[in-house]
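These notes concern the structure reproduced below.
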Amino acid sequence: MKAYWIEGGFGFDHIKETDRPIPSPGPGQALIRMKAVSLNSRDIGVIEGFYEPRRTKPLIPVSDGVGEVVALGEGASKFRVGERVAAIFTQSWTVGEPTQANWTSTLGSPLDGLLAEYAVLSEDGLVRVPEHLTDEEAAALPCAGVTAWHAIVEEGKVGAGDTVVVQGTGGVSLFALQFAKLQGARVIVASGSDEKLERAKSLGADYGINYKRTPDWDRAVLEYTGGTGADHIVDVGGGTTLNRSVSALKVGGQISIVGILSGSAVEDFAIVPAIIRKARLQAINVGSRAMFEKMNLAIAQHRLRPVIDRTFPFERSLEALRHLASGSYFGKICISF
């Protein structure tokens, strides 16, 4: 089978195409013929050595994908040959709260990912996907979809009439917009592009803020909410956005800390404003298989469709990853096999 892996160092120059034997499923495992994968900003961090800087062994990157079950190992009975399934991001986190040990079972680092024509995975690490979705749309679900569902529904408990702020128009942010609208919330989108803000409004966003023209976007949120602030903010920026998220929050509101696109550390964190607002800061690290399955039920019920920015063929996987690194996308970038 053909696969891409990172070998001999870090960076795009160390991503190489390779031929490997098709693996065989062991007890309780399934062999999956991959149909599509989707990319996440984490994949760039893996390629550049942010997550495992001391790793020396070759690694197949990319955590999210969907495929068809083509063979089952001994004792595997949850799925049938021919069924379409997606892999959960944290293979050992099936239900409840995670443990430290779960973080050793994440796909695309430290475990091999899915940028290969075939993959063997435990049947416990797989879920069925909604039938109305294309392969590319289904491949968009495991990280971005589950992260947004975890933030908005599981932890955020967003309800009708709430005001939700999402930062940017990447995969997590657009899923958060869609899920918040399903709950009856008003949604404010902050983006540096007027074109992307208009596209977000076509998905249901109620208000858009161009943070390049309005760097004090937190004040714009306060103005829009009559000085009250937002009930929930999905913070994907991290370093340079968290203080403004606190400033834009209502008393008793919640910030879901999802990403670190602007840095992994916050200098001079605004402790007093956080105390005044009784801010709840909840870190979100994707989610469990149970969350994934509940999210899929909601997606199927409402016929929701993930937003796909662009799909590349497998032989142009490196180009797809470079497109991700450019940051110019709206929604999910996918690779089709």
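We name chains A, B, ... following the order of the structure tokens; residues begin at 1 in each chain, and ligands are numbered from 1 as shown.
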
Give me, as a ChimeraX atom specification, all polymer residues having an atom no more than 6 Å from region 9-24 of chain A, counting only C-alpha atoms and skipping those fewer than 5 positions away in the same chain. /A:1-4,47-49

Mind checking DSSP for region 64-268 of chain A and telling me the strand (DSSP E or B) residues as a ChimeraX atom specification? /A:64-72,84-87,90,106-107,111,116,118-122,126-128,163-167,170,186-191,207-210,230-235,249-257

Rows by chain and residue number, region 244-315 of chain A within 7 Å of region 140-147 of chain A, shortest pair, only C-alpha atoms, as a Markdown table:
```
| residue | atom | partner | partner_atom | distance |
| --- | --- | --- | --- | --- |
| A:Ile284 | CA | A:Thr147 | CA | 6.7 |
| A:Asn285 | CA | A:Thr147 | CA | 6.7 |
| A:Val286 | CA | A:Thr147 | CA | 4.1 |
| A:Gly287 | CA | A:Val146 | CA | 5.9 |
| A:Met291 | CA | A:Val146 | CA | 6.8 |
| A:Phe292 | CA | A:Val146 | CA | 5.7 |
| A:Pro306 | CA | A:Ala140 | CA | 6.9 |
```

For a test of reading the model, state the distance in Å between CA of Ala160 (chain A) and CA of Val307 (chain A), rounded to one decimal.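 Result for CA of Ala160 (chain A) versus CA of Val307 (chain A): 23.1 Å, one decimal.
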
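With only C-alpha atoms as the basis for measurement, A:Arg289 is the residue among A:Arg289, A:Arg42, A:His232, A:Lys35 that approaches Glu123 (chain A) most closely.
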
Need the shell around region 91-93 of chain A: protein/DNA/RNA residues with any atom at most 9 Å away, counting only C-alpha atoms. Skip same-chain ones fewer than 3 positions apart. Format as an mmCIF file with N, CA and C atoms, in the first residue's frame?
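Result written to out_17.cif:
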```cif
data_model
loop_
_atom_site.group_PDB
_atom_site.id
_atom_site.type_symbol
_atom_site.label_atom_id
_atom_site.label_comp_id
_atom_site.auth_asym_id
_atom_site.auth_seq_id
_atom_site.Cartn_x
_atom_site.Cartn_y
_atom_site.Cartn_z
ATOM 1 N N ALA A 87 -12.445 6.708 12.442
ATOM 2 C CA ALA A 87 -11.631 6.437 13.626
ATOM 3 C C ALA A 87 -11.814 7.557 14.633
ATOM 4 N N ILE A 88 -11.894 7.211 15.917
ATOM 5 C CA ILE A 88 -11.907 8.252 16.941
ATOM 6 C C ILE A 88 -10.469 8.711 17.170
ATOM 7 N N GLY A 96 -16.856 8.743 29.395
ATOM 8 C CA GLY A 96 -16.478 9.356 30.664
ATOM 9 C C GLY A 96 -15.311 10.311 30.519
ATOM 10 N N GLU A 97 -14.666 10.603 31.665
ATOM 11 C CA GLU A 97 -13.530 11.518 31.674
ATOM 12 C C GLU A 97 -12.261 10.796 31.212
ATOM 13 N N PRO A 98 -11.363 11.527 30.536
ATOM 14 C CA PRO A 98 -10.124 10.893 30.097
ATOM 15 C C PRO A 98 -9.141 10.727 31.248
ATOM 16 N N THR A 99 -8.142 9.887 31.011
ATOM 17 C CA THR A 99 -7.041 9.720 31.954
ATOM 18 C C THR A 99 -5.740 10.095 31.252
ATOM 19 N N ALA A 101 -3.309 8.262 30.736
ATOM 20 C CA ALA A 101 -2.912 7.160 29.859
ATOM 21 C C ALA A 101 -3.570 7.265 28.487
ATOM 22 N N ASN A 102 -4.756 7.874 28.413
ATOM 23 C CA ASN A 102 -5.434 7.979 27.119
ATOM 24 C C ASN A 102 -4.616 8.756 26.096
ATOM 25 N N TRP A 103 -3.805 9.706 26.560
ATOM 26 C CA TRP A 103 -3.106 10.576 25.610
ATOM 27 C C TRP A 103 -1.988 9.854 24.861
ATOM 28 N N THR A 104 -1.697 8.616 25.235
ATOM 29 C CA THR A 104 -0.718 7.844 24.466
ATOM 30 C C THR A 104 -1.369 7.115 23.295
ATOM 31 N N SER A 105 -2.686 7.276 23.131
ATOM 32 C CA SER A 105 -3.399 6.526 22.087
ATOM 33 C C SER A 105 -4.011 7.437 21.033
ATOM 34 N N THR A 106 -3.435 8.624 20.818
ATOM 35 C CA THR A 106 -3.978 9.531 19.815
ATOM 36 C C THR A 106 -3.375 9.241 18.445
ATOM 37 N N LEU A 107 -4.215 9.268 17.430
ATOM 38 C CA LEU A 107 -3.774 8.969 16.076
ATOM 39 C C LEU A 107 -2.982 10.138 15.489
ATOM 40 N N LEU A 121 -7.157 -0.843 12.956
ATOM 41 C CA LEU A 121 -7.543 -0.167 14.185
ATOM 42 C C LEU A 121 -8.410 -1.092 15.029
ATOM 43 N N SER A 122 -8.382 -0.859 16.333
ATOM 44 C CA SER A 122 -9.259 -1.600 17.222
ATOM 45 C C SER A 122 -10.707 -1.247 16.912
ATOM 46 N N ASP A 124 -12.955 -0.950 18.948
ATOM 47 C CA ASP A 124 -13.399 -0.011 19.981
ATOM 48 C C ASP A 124 -13.055 1.433 19.629
ATOM 49 N N GLY A 125 -12.148 1.608 18.688
ATOM 50 C CA GLY A 125 -11.739 2.947 18.276
ATOM 51 C C GLY A 125 -12.402 3.418 17.001
ATOM 52 N N LEU A 126 -13.546 2.809 16.649
ATOM 53 C CA LEU A 126 -14.255 3.146 15.422
ATOM 54 C C LEU A 126 -15.712 3.492 15.703
ATOM 55 N N GLY A 287 -12.563 14.626 22.261
ATOM 56 C CA GLY A 287 -13.641 14.026 23.033
ATOM 57 C C GLY A 287 -13.633 12.519 22.928
ATOM 58 N N SER A 288 -14.591 11.895 23.580
ATOM 59 C CA SER A 288 -14.667 10.436 23.667
ATOM 60 C C SER A 288 -15.466 9.840 22.515
ATOM 61 N N ARG A 289 -15.420 8.529 22.417
ATOM 62 C CA ARG A 289 -16.240 7.840 21.409
ATOM 63 C C ARG A 289 -17.717 8.086 21.674
ATOM 64 N N ALA A 290 -18.128 8.101 22.939
ATOM 65 C CA ALA A 290 -19.533 8.343 23.268
ATOM 66 C C ALA A 290 -19.986 9.713 22.761
#
```

From a DSSP calculation on the backbone, collect every residue of region 52-227 of chain A in alpha helix (DSSP H) and output the set as a tab-separated table (two decimals) with C-alpha atoms, in the first residue's frame.
```tsv
chain	number	residue	atom	x	y	z
A	135	ASP	CA	-16.68	10.45	2.49
A	136	GLU	CA	-14.97	13.82	2.74
A	137	GLU	CA	-17.69	15.26	4.98
A	138	ALA	CA	-17.56	12.19	7.23
A	139	ALA	CA	-13.76	12.45	7.43
A	146	VAL	CA	-16.14	16.29	18.19
A	147	THR	CA	-14.13	19.18	19.65
A	148	ALA	CA	-16.89	21.65	18.79
A	149	TRP	CA	-19.60	19.28	20.06
A	171	GLY	CA	-13.09	23.48	11.01
A	172	VAL	CA	-13.73	23.72	14.76
A	173	SER	CA	-15.13	27.25	14.52
A	174	LEU	CA	-17.61	26.42	11.76
A	175	PHE	CA	-18.75	23.25	13.51
A	176	ALA	CA	-19.21	25.34	16.68
A	177	LEU	CA	-21.30	27.80	14.67
A	178	GLN	CA	-23.47	25.01	13.29
A	179	PHE	CA	-23.93	23.24	16.63
A	180	ALA	CA	-24.69	26.49	18.47
A	181	LYS	CA	-27.39	27.31	15.92
A	182	LEU	CA	-28.87	23.83	16.42
A	194	ASP	CA	-15.14	40.16	5.11
A	195	GLU	CA	-15.66	37.47	2.48
A	196	LYS	CA	-15.40	34.73	5.10
A	197	LEU	CA	-17.74	36.64	7.42
A	198	GLU	CA	-20.36	36.74	4.66
A	199	ARG	CA	-19.97	33.01	4.10
A	200	ALA	CA	-20.34	32.45	7.85
A	201	LYS	CA	-23.58	34.43	7.80
A	202	SER	CA	-24.87	32.14	5.07
A	217	TRP	CA	-13.23	42.86	18.96
A	218	ASP	CA	-14.12	42.21	22.60
A	219	ARG	CA	-15.64	45.70	22.77
A	220	ALA	CA	-17.67	44.95	19.65
A	221	VAL	CA	-19.05	41.84	21.38
A	222	LEU	CA	-20.02	43.93	24.39
A	223	GLU	CA	-21.72	46.49	22.17
A	224	TYR	CA	-23.66	43.80	20.32
```

Would you please work out which residue, of A:Gly159, A:Leu133, A:Gly168, A:Asp43, is nearest to Gly108 (chain A) when using only C-alpha atoms? A:Asp43

Nearest to Pro25 (chain A) among A:Ala71, A:Val189, A:Gln167, A:Ser38, with distances taken over only C-alpha atoms: which residue is it?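 Checking each candidate against Pro25 (chain A), we get A:Ala71 as the closest.
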
List the neighbours of region 298-301 of chain A out to 8 Å using only C-alpha atoms; skip same-chain residues closer than 4 positions along the sequence, and give me the result as a ChimeraX atom specification. /A:130-132,294,305

Which of these, A:Thr228, A:Thr240, A:Gln183, A:Ser336, has the shortest distance to Met34 (chain A) once you count only C-alpha atoms?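 Nearest candidate to Met34 (chain A) out of A:Thr228, A:Thr240, A:Gln183, A:Ser336: A:Ser336.
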
Looking at A:Ile44, A:Ala36, A:Val187, A:Ala279, which one is nearest to Leu321 (chain A), with distances taken over only C-alpha atoms?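 Ranking A:Ile44, A:Ala36, A:Val187, A:Ala279 by distance to Leu321 (chain A), first place goes to A:Ile44.
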